[in-house]
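**Student:** Input entry_7.cif, format and content: mmCIF, C-alpha atoms.
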data_upload
#
loop_
_atom_site.label_atom_id
_atom_site.label_comp_id
_atom_site.auth_asym_id
_atom_site.auth_seq_id
_atom_site.Cartn_x
_atom_site.Cartn_y
_atom_site.Cartn_z
CA MET A 5 78.86 109.96 -27.66
CA TYR A 6 79.55 111.17 -31.18
CA GLU A 7 81.58 114.37 -31.19
CA ILE A 8 81.00 116.87 -33.96
CA ARG A 9 84.25 118.39 -35.13
CA GLU A 10 84.38 121.85 -36.68
CA ASN A 11 85.38 120.57 -40.12
CA SER A 12 83.83 117.09 -39.96
CA TYR A 13 81.28 117.79 -42.73
CA PRO A 14 79.96 120.83 -44.61
CA MET A 15 77.66 122.80 -42.35
CA GLN A 16 75.43 125.78 -42.91
CA PRO A 17 76.26 128.97 -40.97
CA ARG A 18 73.33 128.47 -38.58
CA GLU A 19 74.54 124.97 -37.69
CA ARG A 20 78.12 126.19 -37.24
CA LEU A 21 76.95 128.93 -34.90
CA GLU A 22 74.91 126.48 -32.83
CA PHE A 23 77.68 123.93 -32.43
CA PHE A 24 80.81 126.07 -32.36
CA GLY A 25 79.64 129.53 -31.22
CA ALA A 26 79.29 132.86 -33.02
CA GLU A 27 82.94 133.76 -32.44
CA LYS A 28 84.01 130.90 -34.75
CA LEU A 29 82.07 132.27 -37.73
CA SER A 30 83.47 134.61 -40.37
CA GLU A 31 81.90 137.99 -41.12
CA GLN A 32 80.49 136.44 -44.29
CA GLU A 33 78.77 133.64 -42.36
CA LEU A 34 77.37 136.00 -39.72
CA LEU A 35 75.94 138.28 -42.38
CA ALA A 36 74.48 135.31 -44.29
CA ILE A 37 72.54 134.29 -41.17
CA LEU A 38 71.06 137.78 -40.91
CA LEU A 39 70.18 137.85 -44.63
CA ARG A 40 68.40 134.47 -44.25
CA THR A 41 67.89 134.04 -48.01
CA GLY A 42 69.78 134.82 -51.16
CA THR A 43 68.42 135.25 -54.68
CA SER A 44 67.58 132.95 -57.57
CA LYS A 45 71.17 133.36 -58.74
CA CYS A 46 73.11 133.12 -55.47
CA SER A 47 72.83 131.78 -51.94
CA ALA A 48 72.71 133.91 -48.79
CA LEU A 49 76.38 133.07 -48.22
CA GLU A 50 77.30 134.24 -51.71
CA LEU A 51 75.21 137.39 -51.33
CA ALA A 52 76.97 138.16 -48.05
CA ALA A 53 80.32 137.86 -49.85
CA ILE A 54 79.14 140.30 -52.53
CA ILE A 55 78.06 142.84 -49.91
CA LEU A 56 81.31 142.65 -47.96
CA LYS A 57 83.37 142.91 -51.14
CA LYS A 58 81.47 146.01 -52.24
CA PHE A 59 82.10 147.88 -48.98
CA GLU A 60 85.66 146.51 -48.66
CA THR A 61 85.88 146.99 -44.88
CA LEU A 62 83.53 146.44 -41.92
CA GLU A 63 83.87 150.15 -41.12
CA ASN A 64 82.51 151.08 -44.57
CA PHE A 65 79.75 148.49 -44.16
CA ARG A 66 78.85 149.89 -40.74
CA ARG A 67 78.40 153.35 -42.25
CA SER A 68 76.42 152.16 -45.29
CA SER A 69 73.05 153.79 -45.94
CA ILE A 70 69.80 152.14 -46.95
CA SER A 71 70.10 153.59 -50.46
CA GLU A 72 73.66 152.22 -50.82
CA LEU A 73 72.57 148.78 -49.68
CA ARG A 74 69.63 148.74 -52.10
CA LYS A 75 71.98 149.25 -55.05
CA ILE A 76 73.21 145.69 -54.51
CA SER A 77 71.28 143.10 -56.50
CA GLY A 78 69.34 140.94 -54.06
CA ILE A 79 68.98 143.63 -51.37
CA GLY A 80 65.52 145.12 -51.37
CA TYR A 81 64.02 147.70 -49.07
CA ALA A 82 63.15 145.23 -46.29
CA LYS A 83 66.61 143.65 -46.16
CA ALA A 84 68.33 147.04 -46.29
CA VAL A 85 66.26 148.26 -43.35
CA GLU A 86 66.95 145.06 -41.39
CA ILE A 87 70.70 145.44 -41.97
CA ARG A 88 70.64 149.06 -40.77
CA ALA A 89 68.63 148.03 -37.71
CA MET A 90 71.13 145.24 -36.96
CA ILE A 91 74.07 147.64 -37.22
CA GLU A 92 72.43 150.21 -34.94
CA LEU A 93 71.47 147.58 -32.37
CA GLY A 94 75.04 146.27 -32.29
CA LYS A 95 76.32 149.80 -31.77
CA ARG A 96 73.91 150.39 -28.88
CA ILE A 97 74.81 147.08 -27.23
CA GLN A 98 78.51 147.96 -27.38
CA THR A 99 77.88 151.46 -26.04
CA THR A 100 75.68 150.16 -23.21
CA GLU A 101 78.36 147.65 -22.18
CA ARG A 102 80.88 150.44 -21.79
CA LYS A 103 78.43 152.90 -20.24
CA ARG A 104 77.39 150.58 -17.42
CA TYR A 105 80.59 151.42 -15.60
CA GLY A 106 79.69 154.67 -13.89
CA ARG A 107 83.24 155.40 -12.84
CA VAL A 108 85.85 156.92 -15.12
CA MET A 109 88.93 154.75 -14.75
CA SER A 110 91.09 156.26 -17.50
CA SER A 111 91.07 158.57 -20.49
CA ASP A 112 91.47 155.50 -22.70
CA GLN A 113 88.33 153.85 -21.32
CA LEU A 114 86.29 157.03 -21.69
CA GLY A 115 87.74 157.88 -25.08
CA LYS A 116 86.76 154.51 -26.56
CA SER A 117 83.26 154.84 -25.13
CA LEU A 118 82.89 158.32 -26.65
CA ILE A 119 84.06 157.05 -30.05
CA ASP A 120 81.12 154.62 -30.01
CA GLU A 121 78.71 157.43 -29.18
CA MET A 122 80.03 160.32 -31.26
CA GLN A 123 81.75 158.95 -34.36
CA ASP A 124 78.69 159.26 -36.61
CA PHE A 125 77.63 162.76 -35.55
CA ASP A 126 77.39 165.15 -38.52
CA GLN A 127 77.91 168.19 -36.27
CA GLU A 128 80.32 168.89 -33.47
CA HIS A 129 78.93 168.12 -30.01
CA LEU A 130 80.52 169.56 -26.90
CA VAL A 131 79.93 167.34 -23.88
CA ALA A 132 80.74 168.04 -20.22
CA ILE A 133 81.19 165.11 -17.84
CA TYR A 134 80.87 165.90 -14.13
CA LEU A 135 82.53 163.64 -11.58
CA ASP A 136 82.39 163.22 -7.82
CA GLY A 137 85.40 162.64 -5.55
CA GLN A 138 85.54 158.94 -6.54
CA ASN A 139 85.46 159.72 -10.28
CA GLN A 140 81.88 158.47 -10.49
CA ILE A 141 79.94 160.20 -13.26
CA ILE A 142 77.31 162.51 -11.76
CA GLU A 143 76.05 163.76 -15.10
CA LYS A 144 77.08 163.77 -18.74
CA ARG A 145 75.53 166.75 -20.49
CA THR A 146 75.64 167.99 -24.08
CA ILE A 147 76.45 171.68 -23.76
CA PHE A 148 76.59 172.76 -27.37
CA ILE A 149 75.94 171.45 -30.89
CA GLY A 150 77.64 173.20 -33.79
CA ALA A 151 81.13 174.50 -34.50
CA VAL A 152 83.01 174.38 -31.21
CA ASN A 153 85.26 177.38 -30.70
CA HIS A 154 86.19 179.72 -27.90
CA SER A 155 83.50 182.26 -28.78
CA THR A 156 80.39 180.12 -29.38
CA ALA A 157 80.90 177.59 -26.59
CA ASN A 158 81.01 179.76 -23.50
CA PRO A 159 82.48 178.11 -20.37
CA ARG A 160 79.77 179.78 -18.27
CA GLU A 161 77.18 177.10 -19.06
CA ILE A 162 79.70 174.31 -18.42
CA PHE A 163 80.42 175.66 -14.93
CA HIS A 164 76.78 176.41 -14.18
CA PHE A 165 76.13 172.65 -14.21
CA ALA A 166 79.42 171.93 -12.43
CA VAL A 167 78.26 174.04 -9.49
CA LYS A 168 74.71 172.64 -9.70
CA ASN A 169 76.08 169.07 -9.52
CA LEU A 170 78.63 169.93 -6.83
CA ALA A 171 81.20 168.37 -9.15
CA VAL A 172 84.70 167.74 -7.86
CA SER A 173 86.17 167.10 -11.30
CA LEU A 174 85.36 167.91 -14.90
CA ILE A 175 86.05 166.31 -18.27
CA ILE A 176 85.04 167.91 -21.53
CA ALA A 177 84.88 166.20 -24.91
CA HIS A 178 83.90 167.09 -28.43
CA ASN A 179 83.92 165.27 -31.75
CA HIS A 180 85.32 166.20 -35.15
CA PRO A 181 82.85 165.21 -37.91
CA SER A 182 85.82 165.08 -40.30
CA GLY A 183 86.92 161.94 -38.46
CA ARG A 184 90.29 163.38 -37.47
CA SER A 185 91.08 163.59 -33.78
CA SER A 186 94.00 166.04 -33.80
CA PRO A 187 93.09 169.24 -31.88
CA SER A 188 92.77 172.53 -33.74
CA GLU A 189 94.09 175.86 -32.50
CA PRO A 190 90.58 176.87 -31.28
CA ASP A 191 90.47 173.57 -29.37
CA ARG A 192 93.71 174.48 -27.61
CA ILE A 193 92.49 178.01 -26.82
CA PHE A 194 89.21 176.67 -25.46
CA THR A 195 91.05 174.11 -23.32
CA SER A 196 93.18 176.87 -21.80
CA LYS A 197 90.05 178.86 -20.92
CA ILE A 198 88.47 175.84 -19.23
CA ALA A 199 91.68 175.12 -17.30
CA GLU A 200 91.85 178.73 -16.05
CA SER A 201 88.20 178.70 -14.97
CA CYS A 202 88.62 175.37 -13.18
CA ALA A 203 91.62 176.70 -11.28
CA MET A 204 89.62 179.72 -10.13
CA LEU A 205 86.66 177.59 -8.98
CA GLY A 206 88.70 174.81 -7.36
CA ILE A 207 87.46 172.15 -9.78
CA ASN A 208 89.86 169.46 -10.97
CA PHE A 209 90.10 169.64 -14.77
CA VAL A 210 90.81 166.02 -15.65
CA ASP A 211 90.89 166.02 -19.45
CA HIS A 212 89.69 167.34 -22.78
CA LEU A 213 89.05 164.58 -25.31
CA VAL A 214 88.81 165.25 -29.04
CA VAL A 215 86.92 162.36 -30.63
CA GLY A 216 87.49 161.22 -34.19
CA ARG A 217 85.94 158.40 -36.15
CA GLN A 218 88.35 155.68 -35.04
CA ASN A 219 90.51 157.29 -32.37
CA TYR A 220 90.67 160.14 -29.89
CA PHE A 221 93.12 162.75 -28.66
CA SER A 222 93.57 163.27 -24.91
CA PHE A 223 95.07 166.54 -23.70
CA ARG A 224 95.94 164.76 -20.46
CA GLU A 225 97.66 161.79 -22.10
CA ASN A 226 99.69 164.23 -24.18
CA TYR A 227 100.72 166.18 -21.06
CA LEU A 228 98.83 169.32 -22.08
CA ILE A 229 96.70 169.10 -18.92
CA LYS A 230 97.90 168.02 -15.51
CA PRO A 231 95.10 167.30 -13.02
CA LYS A 232 95.78 168.74 -9.60
CA ASN A 233 95.85 165.32 -7.90
CA GLU A 234 98.76 164.09 -10.02
#
So, in terms of structure tokens, how does the structure I just supplied come out?

**Tutor:**
Amino acid sequence: MYEIRENSYPMQPRERLEFFGAEKLSEQELLAILLRTGTSKCSALELAAIILKKFETLENFRRSSISELRKISGIGYAKAVEIRAMIELGKRIQTTERKRYGRVMSSDQLGKSLIDEMQDFDQEHLVAIYLDGQNQIIEKRTIFIGAVNHSTANPREIFHFAVKNLAVSLIIAHNHPSGRSSPSEPDRIFTSKIAESCAMLGINFVDHLVVGRQNYFSFRENYLIKPKNE
């Protein structure tokens, strides 16, 4: 039987994907498949190269808007919308893959999942994650949207749902729309208040995660919180 080798003859991106798998294709080839067609002056593969060169990195491309995409010659409204839909679908698939594990195994696992969910938020979101005795997530609830500080985000609501869920442990997380993950002084003050309240109520305060655009800060990993079972 004739065996097709990866470089045996020039192949179009669709053929390469079929024979060798998507993981063998470059970003340019993958994007060319999604574009389907180019313009009268360039092929889909060439148009994909132009798009990637304009945004310089995949992160910039991921954050591109419809209006930014439409500024590129050869990208009309329909293609710009399709690209945005493709990016959002990919994000949701990745988030769903990480979310399907209902048990928190580590701050690193949870932090990466929260980056997927929170990195594009324009406002700060304060989230409380309630766990049972096996670190299974009982509920993940958005407590507050806005500027998170020790005066506007009152711990009372956080612990109302902790008691309601009969939670054994608690993790809180919030994002920084600036993209930086380093905690501010109000973040540290708020963390101290949560830790004190948890101690009074007998709830294990596992971690406070500050989520940036590409990374996160864990109070636990930086030894600023020590859960009672450690």

**Student:** Counting all atoms listed in the file, which residue out of A:Arg96, A:Arg217, A:Lys168, A:Arg160 sits closest to A:Ile142?

**Tutor:** A:Lys168

**Student:** Using the chain letters and numbers from this file, what does the PyMOL selection byres ((chain A and resi 118-133) around 9) select? Give the answer as a PyMOL selection string.

**Tutor:** chain A and resi 67+95-96+98-99+113-117+134-135+141-152+157+162+165-166+173-183+213+215-220

**Student:** Enclose the full set of atoms of stretch 29-33 of chain A listed in the file within a box whose edges lie along x, y and z, apply 6 Å of padding to each of the six sides, and report centre and edge lengths in Å to one decimal as AutoDock Vina command-line options.

**Tutor:**
--center_x 81.1 --center_y 135.1 --center_z -41.0 --size_x 16.7 --size_y 17.7 --size_z 18.6

**Student:** Expressed in Å to a single decimal, how great is the separation between atom CA of A:Ser201 and atom CA of A:Glu161?

**Tutor:** 11.9 Å

**Student:** Apply the PyMOL selection byres ((chain A and resi 48-62) around 7) to the displayed file and report the matching residues as a PyMOL selection string.

**Tutor:** chain A and resi 32-33+35-36+39-42+46-47+63-66

**Student:** From the options A:Ser77, A:Ser68, A:Gln16, A:Ser30, which residue's atoms come nearest to A:Thr43, counting all atoms listed in the file?

**Tutor:**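 For A:Thr43, the nearest of the candidates is A:Ser77.
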
**Student:** Can you spit out stretch 215-230 of chain A with all heavy atoms, as a CSV table (one decimal), in the first residue's frame, from the structure just given?

**Tutor:**
chain,number,residue,atom,x,y,z
A,215,VAL,N,-6.2,36.7,39.7
A,215,VAL,CA,-6.1,36.2,38.4
A,215,VAL,C,-5.7,37.3,37.4
A,215,VAL,O,-6.4,38.4,37.4
A,215,VAL,CB,-7.4,35.5,37.9
A,215,VAL,CG1,-7.3,35.0,36.5
A,215,VAL,CG2,-7.8,34.4,38.9
A,216,GLY,N,-4.6,37.2,36.7
A,216,GLY,CA,-4.2,38.1,35.7
A,216,GLY,C,-4.6,37.6,34.3
A,216,GLY,O,-5.3,36.7,34.1
A,217,ARG,N,-4.0,38.2,33.3
A,217,ARG,CA,-4.3,37.8,31.9
A,217,ARG,C,-3.6,36.5,31.5
A,217,ARG,O,-4.2,35.7,30.8
A,217,ARG,CB,-3.9,38.9,31.0
A,217,ARG,CG,-4.4,38.7,29.5
A,217,ARG,CD,-4.4,40.0,28.7
A,217,ARG,NE,-5.4,41.0,29.3
A,217,ARG,CZ,-5.1,42.2,29.6
A,217,ARG,NH1,-3.9,42.7,29.4
A,217,ARG,NH2,-6.0,43.0,30.1
A,218,GLN,N,-2.4,36.3,32.0
A,218,GLN,CA,-1.7,35.1,31.6
A,218,GLN,C,-1.2,34.3,32.8
A,218,GLN,O,-0.7,33.2,32.6
A,218,GLN,CB,-0.5,35.5,30.7
A,218,GLN,CG,-0.9,36.1,29.4
A,218,GLN,CD,0.3,36.5,28.5
A,218,GLN,OE1,1.4,36.7,29.0
A,218,GLN,NE2,0.1,36.5,27.2
A,219,ASN,N,-1.3,34.8,34.0
A,219,ASN,CA,-0.9,34.1,35.2
A,219,ASN,C,-1.8,34.4,36.4
A,219,ASN,O,-2.7,35.2,36.3
A,219,ASN,CB,0.6,34.3,35.5
A,219,ASN,CG,0.9,35.8,35.4
A,219,ASN,OD1,0.1,36.6,35.8
A,219,ASN,ND2,2.1,36.2,34.9
A,220,TYR,N,-1.5,33.8,37.5
A,220,TYR,CA,-2.2,34.0,38.7
A,220,TYR,C,-1.3,34.1,39.9
A,220,TYR,O,-0.1,33.7,39.8
A,220,TYR,CB,-3.3,32.9,38.9
A,220,TYR,CG,-2.6,31.6,39.3
A,220,TYR,CD1,-2.3,31.2,40.6
A,220,TYR,CD2,-2.2,30.7,38.3
A,220,TYR,CE1,-1.7,30.1,40.9
A,220,TYR,CE2,-1.6,29.5,38.6
A,220,TYR,CZ,-1.3,29.2,39.9
A,220,TYR,OH,-0.7,28.0,40.2
A,221,PHE,N,-1.8,34.7,41.0
A,221,PHE,CA,-1.1,34.7,42.2
A,221,PHE,C,-1.9,34.0,43.3
A,221,PHE,O,-3.1,34.2,43.5
A,221,PHE,CB,-0.8,36.2,42.7
A,221,PHE,CG,-0.1,36.3,44.0
A,221,PHE,CD1,1.3,36.4,44.1
A,221,PHE,CD2,-0.8,36.2,45.2
A,221,PHE,CE1,2.0,36.5,45.2
A,221,PHE,CE2,-0.1,36.3,46.4
A,221,PHE,CZ,1.3,36.5,46.4
A,222,SER,N,-1.2,33.0,43.9
A,222,SER,CA,-1.9,32.2,45.0
A,222,SER,C,-1.3,32.6,46.3
A,222,SER,O,-0.1,32.5,46.6
A,222,SER,CB,-1.6,30.7,44.7
A,222,SER,OG,-1.8,30.0,45.9
A,223,PHE,N,-2.2,33.1,47.2
A,223,PHE,CA,-1.7,33.4,48.6
A,223,PHE,C,-1.2,32.1,49.3
A,223,PHE,O,-0.2,32.2,50.1
A,223,PHE,CB,-2.9,34.0,49.4
A,223,PHE,CG,-3.0,35.5,49.2
A,223,PHE,CD1,-3.6,36.0,48.0
A,223,PHE,CD2,-2.6,36.4,50.1
A,223,PHE,CE1,-3.8,37.3,47.8
A,223,PHE,CE2,-2.8,37.8,49.9
A,223,PHE,CZ,-3.3,38.2,48.7
A,224,ARG,N,-1.8,31.0,49.0
A,224,ARG,CA,-1.4,29.7,49.6
A,224,ARG,C,0.0,29.3,49.1
A,224,ARG,O,0.9,29.0,49.9
A,224,ARG,CB,-2.4,28.6,49.3
A,224,ARG,CG,-2.0,27.3,49.8
A,224,ARG,CD,-3.1,26.3,49.5
A,224,ARG,NE,-2.8,24.9,49.9
A,224,ARG,CZ,-2.2,24.1,49.1
A,224,ARG,NH1,-1.9,24.4,47.9
A,224,ARG,NH2,-1.9,22.9,49.5
A,225,GLU,N,0.2,29.4,47.8
A,225,GLU,CA,1.5,29.0,47.2
A,225,GLU,C,2.6,29.9,47.7
A,225,GLU,O,3.8,29.5,47.7
A,225,GLU,CB,1.4,28.9,45.7
A,225,GLU,CG,0.6,27.8,45.1
A,225,GLU,CD,0.5,27.8,43.6
A,225,GLU,OE1,0.8,28.9,43.0
A,225,GLU,OE2,0.1,26.8,43.1
A,226,ASN,N,2.3,31.1,48.0
A,226,ASN,CA,3.3,32.1,48.5
A,226,ASN,C,3.3,32.1,50.0
A,226,ASN,O,3.9,33.1,50.6
A,226,ASN,CB,3.0,33.4,47.9
A,226,ASN,CG,3.4,33.5,46.5
A,226,ASN,OD1,4.6,33.8,46.1
A,226,ASN,ND2,2.4,33.3,45.6
A,227,TYR,N,2.8,31.1,50.7
A,227,TYR,CA,2.8,30.9,52.1
A,227,TYR,C,2.2,32.1,52.9
A,227,TYR,O,2.6,32.4,54.0
A,227,TYR,CB,4.3,30.7,52.6
A,227,TYR,CG,4.9,29.6,51.9
A,227,TYR,CD1,5.8,29.8,50.8
A,227,TYR,CD2,4.6,28.2,52.2
A,227,TYR,CE1,6.4,28.7,50.1
A,227,TYR,CE2,5.2,27.2,51.5
A,227,TYR,CZ,6.1,27.4,50.5
A,227,TYR,OH,6.7,26.4,49.8
A,228,LEU,N,1.2,32.7,52.3
A,228,LEU,CA,0.5,33.8,53.0
A,228,LEU,C,-0.8,33.3,53.6
A,228,LEU,O,-1.5,34.0,54.3
A,228,LEU,CB,0.2,35.0,52.0
A,228,LEU,CG,1.5,35.6,51.4
A,228,LEU,CD1,1.1,36.6,50.4
A,228,LEU,CD2,2.3,36.3,52.5
A,229,ILE,N,-1.2,32.1,53.3
A,229,ILE,CA,-2.3,31.4,53.9
A,229,ILE,C,-1.8,30.0,54.1
A,229,ILE,O,-1.2,29.4,53.3
A,229,ILE,CB,-3.5,31.3,52.9
A,229,ILE,CG1,-4.1,32.7,52.7
A,229,ILE,CG2,-4.6,30.4,53.5
A,229,ILE,CD1,-5.3,32.7,51.8
A,230,LYS,N,-2.2,29.5,55.3
A,230,LYS,CA,-1.9,28.1,55.6
A,230,LYS,C,-3.1,27.4,56.0
A,230,LYS,O,-3.6,27.6,57.1
A,230,LYS,CB,-0.8,27.9,56.7
A,230,LYS,CG,-0.4,26.5,57.0
A,230,LYS,CD,0.7,26.4,58.0
A,230,LYS,CE,1.1,24.9,58.2
A,230,LYS,NZ,2.2,24.8,59.2
